[in-house]
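Chemist: Below you'll find the structure I mean.
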Amino acid sequence: MKADMPATNRSRPSMSAMLRDAAAAAFVAALLAFPLLGFKLNATAQGLHLDMRLSWVPIAAGIVFAGRLLLTLGGQYVAPIIARRVAPDVDAIRRRLPSRSAYMVGIAMAAVAIALPWLPFADRNLIDKATLILIYVMLGWGLNIVVGLAGLLDLGYVAFYAVGAYSYALLSQHFGLSFWICLPLAGLLAGAFGVALGFPVLRLRGDYLAIVTLGFGEIVREVIINWDKVTGGPNGLSGIERPSFFGLPMLPTSMAPPGSTTFADFFGIAFSPNQRIWFLYYLILALALATNLFTQRIRRLPLGRAWEALREDEIACRSLGINPTLVKLSAFAIGASFAGFAGSFFATRQGFISPESFTFIESAIILAIVVLGGMGSQIGIVLAALLLVGLPEWFRELEQFRMLAFGAAMVLIMLWRPQGLLSHREPTLRLSDVPRKLVSESAT
């Protein structure tokens, strides 16, 4: 009878062992929390003052003890029950779901995003946070072309983001070009930088490619810092022109240029500062949706299939007659162009840019969004951006602890979904899509 018992029952630890494991985790948490949470350095008029918060240490240890014990109990007792009873039903439902389910979810999310400013609980703070999240969603979709589809690890993606922002600011200030003219020019310049990066790394793969792209990102940032006659150096550029609604400035009548018609006057409504906030939100939403539609379309074209072939096996890609050089350059160029579009919007939204906005941590956050969302998954990137960007923003009032929420979200996602939130990707080509005559001829 003992030989027939499930392996999970034989290897299941006792309650005392689980309590000892939770106590050990709580002890380690207390040691880490003592210097991090037990003291706080405050700046006062008399100088720096050290406050003691030792009561926070046992609270943190207790939370870790309870969490570790619950995780262990759930893994030993709850998870097997779910695996036996729920998993078969989930698999059956997944097999019955039509291939258009992902599109329906995407349409529903787009509808919520469009209606967000009109919801009763939407305020200026919420719209600002949603605009920031959409910037990272657009950046994630652009990097997804390079990393998720083409399989090229890029750690310097923020360089193209910076090129787009500074291109827009310089073209707008020195040549007096409007946002609608600077936007495509910034994307083209960022795409040109993507091609310039692609040529030196054609023979590199994996870690070596990541190191070179990381160096490229740092080179661009150092050039921005030291070329102060053009870029403003560490002081950055200010007074960047705001976008207009097809020539109608989003300003009150008293601040509008002489002889110009404002947005409020043209539509006969009262001016409100929220009009510009809503306009910027819908502008980045339109740019993000255009990025998504372009990516979804190009994945089904020969170029998109060549990216996926390059990601799976470069040697097999060569044997099929695909030129890896052109495929890599196209991935870098198109991905960089979308970063340039996002950078130009970032510049016009902030009205001020500086090198501090384009550090390596930005590349790490964008790459984390792509990886944690599921490489190649468009909807997964949206969900990851909501967690990794939205969560720290909502916890900004907690000062230094908001980054704790950021790290906790990353750890939980990696523990719960190691392959990403939505690791399942629909193939762009199925055998059922190929005519039966061609399949029979290839089989013979």
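Chains: A, B, ... in order of the structure tokens. Residues: from 1 per chain. Ligands: from 1, in order shown.
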Quick one: residues within 12 Å of Ala290 of chain A, only C-alpha atoms, excluding same-chain residues fewer than 3 positions away - as a ChimeraX atom specification?
Modeler: /A:110,137-138,141-142,283-287,293-297,338,341-342
Chemist: Emit the selected residues as a PDB file, in the first residue's frame, including N, CA, C and O atoms.
Modeler:
ATOM      1  N   ALA A 110      -8.853  48.247 -25.333  1.00  0.00           N
ATOM      2  CA  ALA A 110      -8.810  49.516 -26.060  1.00  0.00           C
ATOM      3  C   ALA A 110     -10.054  50.353 -25.780  1.00  0.00           C
ATOM      4  O   ALA A 110      -9.967  51.587 -25.640  1.00  0.00           O
ATOM      5  N   VAL A 137       4.069  51.345 -22.538  1.00  0.00           N
ATOM      6  CA  VAL A 137       3.457  50.316 -23.382  1.00  0.00           C
ATOM      7  C   VAL A 137       3.974  50.437 -24.814  1.00  0.00           C
ATOM      8  O   VAL A 137       4.328  49.438 -25.456  1.00  0.00           O
ATOM      9  N   MET A 138       4.035  51.667 -25.321  1.00  0.00           N
ATOM     10  CA  MET A 138       4.544  51.883 -26.673  1.00  0.00           C
ATOM     11  C   MET A 138       6.010  51.492 -26.767  1.00  0.00           C
ATOM     12  O   MET A 138       6.442  50.865 -27.747  1.00  0.00           O
ATOM     13  N   TRP A 141       6.196  47.684 -26.783  1.00  0.00           N
ATOM     14  CA  TRP A 141       5.831  47.101 -28.080  1.00  0.00           C
ATOM     15  C   TRP A 141       6.939  47.311 -29.107  1.00  0.00           C
ATOM     16  O   TRP A 141       7.161  46.456 -29.971  1.00  0.00           O
ATOM     17  N   GLY A 142       7.643  48.444 -29.018  1.00  0.00           N
ATOM     18  CA  GLY A 142       8.760  48.658 -29.933  1.00  0.00           C
ATOM     19  C   GLY A 142       9.914  47.720 -29.643  1.00  0.00           C
ATOM     20  O   GLY A 142      10.504  47.127 -30.574  1.00  0.00           O
ATOM     21  N   LEU A 283      -3.570  61.412 -27.575  1.00  0.00           N
ATOM     22  CA  LEU A 283      -2.493  61.405 -28.571  1.00  0.00           C
ATOM     23  C   LEU A 283      -1.582  60.193 -28.373  1.00  0.00           C
ATOM     24  O   LEU A 283      -1.282  59.475 -29.338  1.00  0.00           O
ATOM     25  N   ILE A 284      -1.130  59.937 -27.149  1.00  0.00           N
ATOM     26  CA  ILE A 284      -0.265  58.775 -26.917  1.00  0.00           C
ATOM     27  C   ILE A 284      -1.054  57.485 -27.084  1.00  0.00           C
ATOM     28  O   ILE A 284      -0.505  56.463 -27.514  1.00  0.00           O
ATOM     29  N   LEU A 285      -2.355  57.506 -26.789  1.00  0.00           N
ATOM     30  CA  LEU A 285      -3.168  56.315 -27.014  1.00  0.00           C
ATOM     31  C   LEU A 285      -3.251  55.999 -28.509  1.00  0.00           C
ATOM     32  O   LEU A 285      -3.141  54.833 -28.908  1.00  0.00           O
ATOM     33  N   ALA A 286      -3.410  57.027 -29.339  1.00  0.00           N
ATOM     34  CA  ALA A 286      -3.444  56.794 -30.784  1.00  0.00           C
ATOM     35  C   ALA A 286      -2.103  56.281 -31.292  1.00  0.00           C
ATOM     36  O   ALA A 286      -2.046  55.372 -32.133  1.00  0.00           O
ATOM     37  N   LEU A 287      -0.995  56.836 -30.783  1.00  0.00           N
ATOM     38  CA  LEU A 287       0.321  56.361 -31.192  1.00  0.00           C
ATOM     39  C   LEU A 287       0.547  54.915 -30.765  1.00  0.00           C
ATOM     40  O   LEU A 287       1.097  54.104 -31.526  1.00  0.00           O
ATOM     41  N   LEU A 293      -1.171  47.975 -34.066  1.00  0.00           N
ATOM     42  CA  LEU A 293      -1.725  47.533 -35.349  1.00  0.00           C
ATOM     43  C   LEU A 293      -0.617  47.241 -36.357  1.00  0.00           C
ATOM     44  O   LEU A 293      -0.681  46.260 -37.113  1.00  0.00           O
ATOM     45  N   PHE A 294       0.404  48.085 -36.384  1.00  0.00           N
ATOM     46  CA  PHE A 294       1.524  47.856 -37.292  1.00  0.00           C
ATOM     47  C   PHE A 294       2.233  46.548 -36.955  1.00  0.00           C
ATOM     48  O   PHE A 294       2.564  45.759 -37.848  1.00  0.00           O
ATOM     49  N   THR A 295       2.465  46.308 -35.665  1.00  0.00           N
ATOM     50  CA  THR A 295       3.160  45.084 -35.264  1.00  0.00           C
ATOM     51  C   THR A 295       2.334  43.848 -35.591  1.00  0.00           C
ATOM     52  O   THR A 295       2.866  42.840 -36.082  1.00  0.00           O
ATOM     53  N   GLN A 296       1.036  43.898 -35.304  1.00  0.00           N
ATOM     54  CA  GLN A 296       0.186  42.757 -35.606  1.00  0.00           C
ATOM     55  C   GLN A 296       0.142  42.472 -37.101  1.00  0.00           C
ATOM     56  O   GLN A 296       0.112  41.311 -37.524  1.00  0.00           O
ATOM     57  N   ARG A 297       0.152  43.522 -37.902  1.00  0.00           N
ATOM     58  CA  ARG A 297       0.111  43.336 -39.349  1.00  0.00           C
ATOM     59  C   ARG A 297       1.427  42.799 -39.889  1.00  0.00           C
ATOM     60  O   ARG A 297       1.447  41.876 -40.707  1.00  0.00           O
ATOM     61  N   PHE A 338       9.928  53.305 -33.342  1.00  0.00           N
ATOM     62  CA  PHE A 338       8.845  53.439 -32.364  1.00  0.00           C
ATOM     63  C   PHE A 338       9.358  54.082 -31.075  1.00  0.00           C
ATOM     64  O   PHE A 338       8.633  54.846 -30.420  1.00  0.00           O
ATOM     65  N   PHE A 341       9.377  57.766 -31.774  1.00  0.00           N
ATOM     66  CA  PHE A 341       8.038  58.355 -31.648  1.00  0.00           C
ATOM     67  C   PHE A 341       7.682  58.588 -30.182  1.00  0.00           C
ATOM     68  O   PHE A 341       7.171  59.646 -29.813  1.00  0.00           O
ATOM     69  N   ALA A 342       7.953  57.577 -29.345  1.00  0.00           N
ATOM     70  CA  ALA A 342       7.653  57.724 -27.919  1.00  0.00           C
ATOM     71  C   ALA A 342       8.505  58.816 -27.288  1.00  0.00           C
ATOM     72  O   ALA A 342       8.036  59.560 -26.425  1.00  0.00           O
TER      73      ALA A 342
END
Chemist: With a distance cut-off of 12 Å and only C-alpha atoms, select the neighbouring residues of His174 of chain A, excluding the residue or stretch itself and same-chain residues fewer than 4 positions from it, and output the selection as a list in words.
Modeler: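 These residues fall inside the cut-off: Tyr166, Ser167, Tyr168, Ala169, Leu170, Ser178, Cys182, Val230, Thr231, Leu237, Gly239, Ile240 and Glu241 of chain A.
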Chemist: Using N, CA and C atoms, can you export the residues from the last selection as a CSV table (one decimal), in the first residue's frame?
Modeler:
chain,number,residue,atom,x,y,z
A,166,TYR,N,15.4,64.2,-28.1
A,166,TYR,CA,16.3,65.4,-28.4
A,166,TYR,C,16.1,65.8,-29.9
A,167,SER,N,15.8,64.9,-30.8
A,167,SER,CA,15.5,65.3,-32.2
A,167,SER,C,14.3,66.2,-32.2
A,168,TYR,N,13.3,65.8,-31.5
A,168,TYR,CA,12.1,66.7,-31.5
A,168,TYR,C,12.4,68.1,-30.9
A,169,ALA,N,13.1,68.1,-29.8
A,169,ALA,CA,13.3,69.3,-29.1
A,169,ALA,C,14.2,70.3,-30.0
A,170,LEU,N,15.2,69.7,-30.6
A,170,LEU,CA,16.1,70.6,-31.4
A,170,LEU,C,15.5,71.0,-32.7
A,178,SER,N,6.5,72.2,-36.3
A,178,SER,CA,5.5,71.8,-35.4
A,178,SER,C,5.6,70.4,-35.0
A,182,CYS,N,7.8,67.2,-36.7
A,182,CYS,CA,8.9,66.7,-36.0
A,182,CYS,C,8.7,65.2,-35.6
A,230,VAL,N,24.9,71.9,-28.1
A,230,VAL,CA,23.8,71.5,-28.8
A,230,VAL,C,22.7,70.9,-27.9
A,231,THR,N,23.0,70.0,-27.0
A,231,THR,CA,22.0,69.3,-26.2
A,231,THR,C,21.8,70.0,-24.9
A,237,LEU,N,17.2,70.6,-22.0
A,237,LEU,CA,16.6,71.6,-22.8
A,237,LEU,C,15.2,71.9,-22.3
A,239,GLY,N,11.6,74.7,-22.4
A,239,GLY,CA,10.7,75.5,-23.3
A,239,GLY,C,10.4,74.8,-24.6
A,240,ILE,N,10.2,73.4,-24.5
A,240,ILE,CA,9.9,72.7,-25.7
A,240,ILE,C,8.4,72.9,-26.1
A,241,GLU,N,8.1,73.1,-27.3
A,241,GLU,CA,6.8,73.5,-27.8
A,241,GLU,C,5.8,72.3,-27.5
Chemist: Closest to Gly343 of chain A among A:Asn125, A:Pro200, A:Pro258, A:Ile135, using only C-alpha atoms?
Modeler: A:Ile135
Chemist: What's the 8 Å shell around segment 216-220 of chain A, counting only C-alpha atoms, without same-chain residues fewer than 4 positions away, as a PDB file with N, CA and C atoms, in the first residue's frame?
Modeler:
ATOM      1  N   LEU A 155      20.026  45.926 -24.693  1.00  0.00           N
ATOM      2  CA  LEU A 155      20.051  46.599 -23.396  1.00  0.00           C
ATOM      3  C   LEU A 155      20.266  48.100 -23.523  1.00  0.00           C
ATOM      4  N   GLY A 156      20.344  48.607 -24.737  1.00  0.00           N
ATOM      5  CA  GLY A 156      20.529  50.036 -24.934  1.00  0.00           C
ATOM      6  C   GLY A 156      19.373  50.688 -25.648  1.00  0.00           C
ATOM      7  N   TYR A 157      18.177  50.171 -25.465  1.00  0.00           N
ATOM      8  CA  TYR A 157      17.006  50.673 -26.177  1.00  0.00           C
ATOM      9  C   TYR A 157      16.683  52.103 -25.800  1.00  0.00           C
ATOM     10  N   VAL A 158      17.080  52.522 -24.597  1.00  0.00           N
ATOM     11  CA  VAL A 158      16.783  53.883 -24.168  1.00  0.00           C
ATOM     12  C   VAL A 158      17.520  54.908 -25.017  1.00  0.00           C
ATOM     13  N   ALA A 159      18.598  54.489 -25.725  1.00  0.00           N
ATOM     14  CA  ALA A 159      19.317  55.422 -26.586  1.00  0.00           C
ATOM     15  C   ALA A 159      18.419  55.940 -27.700  1.00  0.00           C
ATOM     16  N   LEU A 197      23.444  51.072 -35.222  1.00  0.00           N
ATOM     17  CA  LEU A 197      23.773  50.073 -34.203  1.00  0.00           C
ATOM     18  C   LEU A 197      23.775  48.668 -34.790  1.00  0.00           C
ATOM     19  N   VAL A 212      27.277  44.947 -26.213  1.00  0.00           N
ATOM     20  CA  VAL A 212      27.490  46.001 -27.209  1.00  0.00           C
ATOM     21  C   VAL A 212      26.328  46.999 -27.198  1.00  0.00           C
ATOM     22  N   ILE A 224      25.220  63.154 -25.126  1.00  0.00           N
ATOM     23  CA  ILE A 224      24.227  64.163 -24.740  1.00  0.00           C
ATOM     24  C   ILE A 224      24.749  65.019 -23.589  1.00  0.00           C
ATOM     25  N   THR A 359      18.609  57.043 -18.548  1.00  0.00           N
ATOM     26  CA  THR A 359      19.650  56.214 -17.956  1.00  0.00           C
ATOM     27  C   THR A 359      19.394  54.738 -18.252  1.00  0.00           C
ATOM     28  N   PHE A 360      20.347  53.907 -17.826  1.00  0.00           N
ATOM     29  CA  PHE A 360      20.229  52.473 -18.079  1.00  0.00           C
ATOM     30  C   PHE A 360      19.009  51.865 -17.394  1.00  0.00           C
TER      31      PHE A 360
END
Chemist: Can you measure atom CA of Met104 of chain A to atom CA of Leu289 of chain A for me? One decimal in Å is fine.
Modeler: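 Atom-to-atom, atom CA of Met104 of chain A and atom CA of Leu289 of chain A are spaced 14.7 Å apart.
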